[in-house]
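Colleague: My structure is below; once you've seen it, I'll send some questions.
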Amino acid sequence: RECFCSFTTTGDILTQELLCIFGTGDLGRSLGQRLLQTGYRVVYGSRRPHSCGPLPERAQVMSHAAAAQSANLVFICIHRENYDFLETLAPELKGKVLVDVSNNVEKNLYPEANAEYLQRLIPGAHVVKAFNTLSAWALQNGPSDANRQVYLCGNNAEAKQAVSVVATKLGFTVLDRGSVSAAKELEDFPLQLFPEWRLPLRLAVGLTAFFFFYLLIRDIISVYIKEKKDISFRIMVSLANKVFPIVSLIMLSLCYLPGVIAAFLQLYRGTKYKRFPDWLDRWMLCRKQLGLLALGFAFLHVLYTLIIPIRYYVRFRLSAITVSENRTPEFDTTMAWRTDSYYSVGILGFGLYLLLGITSLPSVSNALSWREFSFIQSKLGHVTLFFCTFHTYLYGWDKFLRASSYKWYTPPGYMLCLVLPSVVLVLKLLLLLPCVDRSLTRIRQGWERTNPDDDSRKSLLT
Ligand SMILES: Cc1cc2nc3c(=O)[nH]c(=O)nc-3n(C[C@H](O)[C@H](O)[C@H](O)COP(=O)(O)OP(=O)(O)OC[C@H]3O[C@@H](n4cnc5c(N)ncnc54)[C@H](O)[C@@H]3O)c2cc1C
Ligand SMILES: NC(=O)c1ccc[n+]([C@@H]2O[C@H](COP(=O)([O-])OP(=O)(O)OC[C@H]3O[C@@H](n4cnc5c(N)ncnc54)[C@H](OP(=O)(O)O)[C@@H]3O)[C@@H](O)[C@H]2O)c1
Ligand code: HEM
């Protein structure tokens, strides 16, 4: 068995292992500096050993061939496009561990992964893919919270172990992703840009744009056309304070709709052991991002609401009313009930919304048991949806019945946004009916309703 130990003993003296780095560029320099700080000795292999850029103190520089011969483990800090020359070093690199740190500028640029290509160039070496998910900057600064992990893969267990030892000594946590065939996946990691946020972000932008133009035409352009009155200043606060809560409420309901659909699907199929369709799977996987974006929009709504009393338009209207009536207006108890109720329910809804956001922080969710997390996210989540929906119904009050609410035969934005949360809440209520809940609970505990058709088909086949 080969051994690529990190320390070798010479008599009583513990000699630090010498590691080799090919390439004196950004990553090579940062890696070398960290290795030296950790106690390793470092030798660089360079095309120009006498004229390469500034390198960490105490590091040696040699030709590639000489450097390769002096160490067992070689980091290839060179772009894949320049790998060809390594083929000529095959004899010097035979039996060595080659760490491929390379990335590509886009996905599927080459038919095979860079690490597989390197292995093909030097079949006698043991290629390990590692460190490619860290930036030169992160390597130089050492592991921070965000960059604590080093993913690696390779075909030779001893070689992987040798690289793991180095990564662990540098302070990283190693995650073994298996054989070299996983290299392509690792090389795609740094090319991903918030993959799980993409769908929720697109949805948020789409809904915002739709409601912005809908309300712009309905509430501002219509007034200009009908009454020749310019109220375009309302775009900045009034319109924004309609669009944001509307989008927030719709996105909040979109967090809870897939759970309800999943439950009905399980009831219909009579089993929990059948896979959900792909679209439902993907939808369920991005609920956290949907929820956090929805919380962001709700937060904006609350901030916009706070500035209502200091708006010039509001202060002007108040003083105009006082001057024109020249007397204290009569107190309307119904109006007081209505406004206090929807403020209060809105505040309760927002409080719970914040709780959902806080529990989704990894530091908090890690401190909760699965049951506690599920209680807050699922049970209190539905209560949040209920409060926010109720807040909007109370805001509408009797306006649902007034014909004047339906300008140009179109409903106001808050009525449109109530459709989805109302549907989700009604469906959830149906699921809570004791007879339905009992069946669902049994199915989720593993019980299966066998389909007589399937059974007869199965028996025919056997
Ligand atoms: C601010 C905010 C933050 C959020 N953060 C997160 C977050 O960090 N993580 C997250 O996941 N979501 C998060 N969400 C989204 C949402 O709160 C959760 O996904 C919530 O758990 C959804 O509840 P649910 O009851 O609809 O779905 P779930 O609790 O996932 O249940 C849905 C379906 O899963 C299946 N199921 C549930 N239990 C079982 C079982 N025991 N056996 C078999 N099948 C079962 C059933 O089919 C069920 O219908 C967040 C939302 C908001 C607003
Ligand atoms: N920079 C990062 O943050 C980062 C992060 C993760 C992964 N990576 C990967 O690390 C590798 C190096 O990246 P880098 O940013 O350090 O690149 P870089 O700054 O351009 O350095 C590359 C080095 O490769 C050597 N080189 C250039 N052309 C060569 C050729 N034709 N033949 C042989 N050697 C040649 C040079 O060293 P000599 O002049 O000494 O020969 C050069 O300094 C790449 O594969 C990259 O994908 C980089
Ligand atoms: C601190 C908590 C909250 C307060 C004080 C509050 C207050 C208000 C006020 C004053 C309005 C009327 C705005 C206007 O006149 O244009 C309103 C409307 C509305 N609120 Fe809230 N709200 C709160 C939280 C929420 C939350 C968490 C949601 C859920 C997403 C929400 C959803 C809505 C909706 C949909 C409207 C109707 C928007 C419209 O079309 O005019 N609110 N809220």
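Ligands are numbered from 1 in the order shown, chains are lettered A, B, ... in the order of the structure tokens, and residues start at 1 in each chain.
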Show me which residues are within 6 Å of ligand 3 counting only C-alpha atoms and all ligand atoms, and format the list as a ChimeraX atom specification.

Modeller: /A:238,241-242,245-246,248-249,298,302,305,343,346-347,349-350,388,392,413-414

Colleague: Just list as a ChimeraX atom specification whatever in stretch 161-340 of chain A DSSP marks as alpha helix (DSSP H).

Modeller: /A:161-169,183-188,198-215,222-227,240-269,278-285,287-306,312-325,333-340

Colleague: What residues have any atom no more than 6 Å from ligand 1 when counting only C-alpha atoms and all ligand atoms, and can you list them as a list in words?

Modeller: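 My answer, listing the contacting residues, is Leu252, Cys255, Tyr256, Gly259, Val260, Ala262, Ala263, Arg287, Lys288, Gly291, Leu292, Leu295, Tyr353, Leu356, Gly357, Ser360, Ser374, Gln377, Ser378, Gly381 and Arg444 of chain A.
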
Colleague: Would you mind exporting C-alpha atoms of the selected residues as a CSV table (one decimal), in the first residue's frame?

Modeller:
chain,number,residue,atom,x,y,z
A,252,LEU,CA,-46.7,33.8,1.7
A,255,CYS,CA,-45.3,28.8,0.7
A,256,TYR,CA,-48.2,26.9,2.0
A,259,GLY,CA,-48.0,21.5,1.3
A,260,VAL,CA,-51.8,21.4,0.8
A,262,ALA,CA,-49.0,17.4,-1.4
A,263,ALA,CA,-51.5,16.3,1.3
A,287,ARG,CA,-40.3,27.5,0.1
A,288,LYS,CA,-37.7,28.9,2.5
A,291,GLY,CA,-40.9,32.9,2.6
A,292,LEU,CA,-37.9,35.0,3.2
A,295,LEU,CA,-41.0,38.6,4.7
A,353,TYR,CA,-43.9,36.4,10.2
A,356,LEU,CA,-40.7,32.3,11.0
A,357,GLY,CA,-37.8,34.4,9.6
A,360,SER,CA,-35.1,29.8,9.5
A,374,SER,CA,-42.1,22.0,12.1
A,377,GLN,CA,-43.0,26.7,10.4
A,378,SER,CA,-46.1,24.7,9.6
A,381,GLY,CA,-47.0,29.5,9.5
A,444,ARG,CA,-48.1,9.6,6.8

Colleague: Distance limit 10 Å, reference ligand 2, atoms considered: only C-alpha atoms and all ligand atoms. Which residues make the cut? Give them as a VMD selection string.

Modeller: chain A and resid 21 to 31 44 to 53 55 61 to 64 75 to 86 100 to 105 114 130 to 140 187 190

Colleague: Extract, using only C-alpha atoms, all DNA, RNA and protein residues at most 10 Å from stretch 429-438 of chain A, discarding same-chain residues fewer than 4 positions from it, and format them as a PDB file with N, CA and C atoms, in the first residue's frame.

Modeller:
ATOM      1  N   VAL A 260     -50.349  21.787   0.926  1.00  0.00           N
ATOM      2  CA  VAL A 260     -51.751  21.380   0.824  1.00  0.00           C
ATOM      3  C   VAL A 260     -51.936  20.469  -0.392  1.00  0.00           C
ATOM      4  N   ALA A 263     -50.593  17.110   0.376  1.00  0.00           N
ATOM      5  CA  ALA A 263     -51.478  16.346   1.256  1.00  0.00           C
ATOM      6  C   ALA A 263     -52.635  15.734   0.461  1.00  0.00           C
ATOM      7  N   PHE A 264     -53.245  16.517  -0.441  1.00  0.00           N
ATOM      8  CA  PHE A 264     -54.363  15.992  -1.235  1.00  0.00           C
ATOM      9  C   PHE A 264     -53.884  14.876  -2.170  1.00  0.00           C
ATOM     10  N   LEU A 267     -53.578  11.801  -0.170  1.00  0.00           N
ATOM     11  CA  LEU A 267     -54.905  11.248   0.112  1.00  0.00           C
ATOM     12  C   LEU A 267     -55.452  10.527  -1.112  1.00  0.00           C
ATOM     13  N   VAL A 423     -58.028  30.521  -0.759  1.00  0.00           N
ATOM     14  CA  VAL A 423     -58.107  29.133  -1.250  1.00  0.00           C
ATOM     15  C   VAL A 423     -57.240  28.229  -0.366  1.00  0.00           C
ATOM     16  N   VAL A 424     -55.997  28.685  -0.066  1.00  0.00           N
ATOM     17  CA  VAL A 424     -55.096  27.847   0.744  1.00  0.00           C
ATOM     18  C   VAL A 424     -55.713  27.588   2.111  1.00  0.00           C
ATOM     19  N   LEU A 425     -56.284  28.632   2.726  1.00  0.00           N
ATOM     20  CA  LEU A 425     -56.834  28.464   4.076  1.00  0.00           C
ATOM     21  C   LEU A 425     -58.053  27.534   4.070  1.00  0.00           C
ATOM     22  N   ARG A 442     -52.717   8.567   9.061  1.00  0.00           N
ATOM     23  CA  ARG A 442     -52.405   7.148   8.864  1.00  0.00           C
ATOM     24  C   ARG A 442     -51.476   6.958   7.672  1.00  0.00           C
ATOM     25  N   ILE A 443     -51.787   7.682   6.596  1.00  0.00           N
ATOM     26  CA  ILE A 443     -50.948   7.555   5.388  1.00  0.00           C
ATOM     27  C   ILE A 443     -49.520   7.992   5.718  1.00  0.00           C
ATOM     28  N   ARG A 444     -49.399   9.105   6.468  1.00  0.00           N
ATOM     29  CA  ARG A 444     -48.052   9.600   6.799  1.00  0.00           C
ATOM     30  C   ARG A 444     -47.322   8.704   7.782  1.00  0.00           C
TER      31      ARG A 444
END

Colleague: Please list as an NGL selection string every residue within 7 Å of A:Gly32, counting only C-alpha atoms and excluding residues in the same chain fewer than 4 positions away.

Modeller: :A and (28 or 36 or 42 or 56)

Colleague: How would you write, as a count of residues only, the set of residues in stretch 151-285 of chain A that DSSP gives as strand (DSSP E or B)?

Modeller: 8

Colleague: Counting only C-alpha atoms, what is within 12 Å of stretch 226-229 of chain A, bar same-chain residues fewer than 6 positions away, as a PyMOL selection string?

Modeller: chain A and resi 217-220+407-408

Colleague: For a quick check of understanding, using only C-alpha atoms, which of A:Phe375, A:Phe276, A:Trp283, A:Phe211 has the smallest distance to A:Met415?

Modeller: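 Closest to A:Met415, using only C-alpha atoms: A:Phe211.
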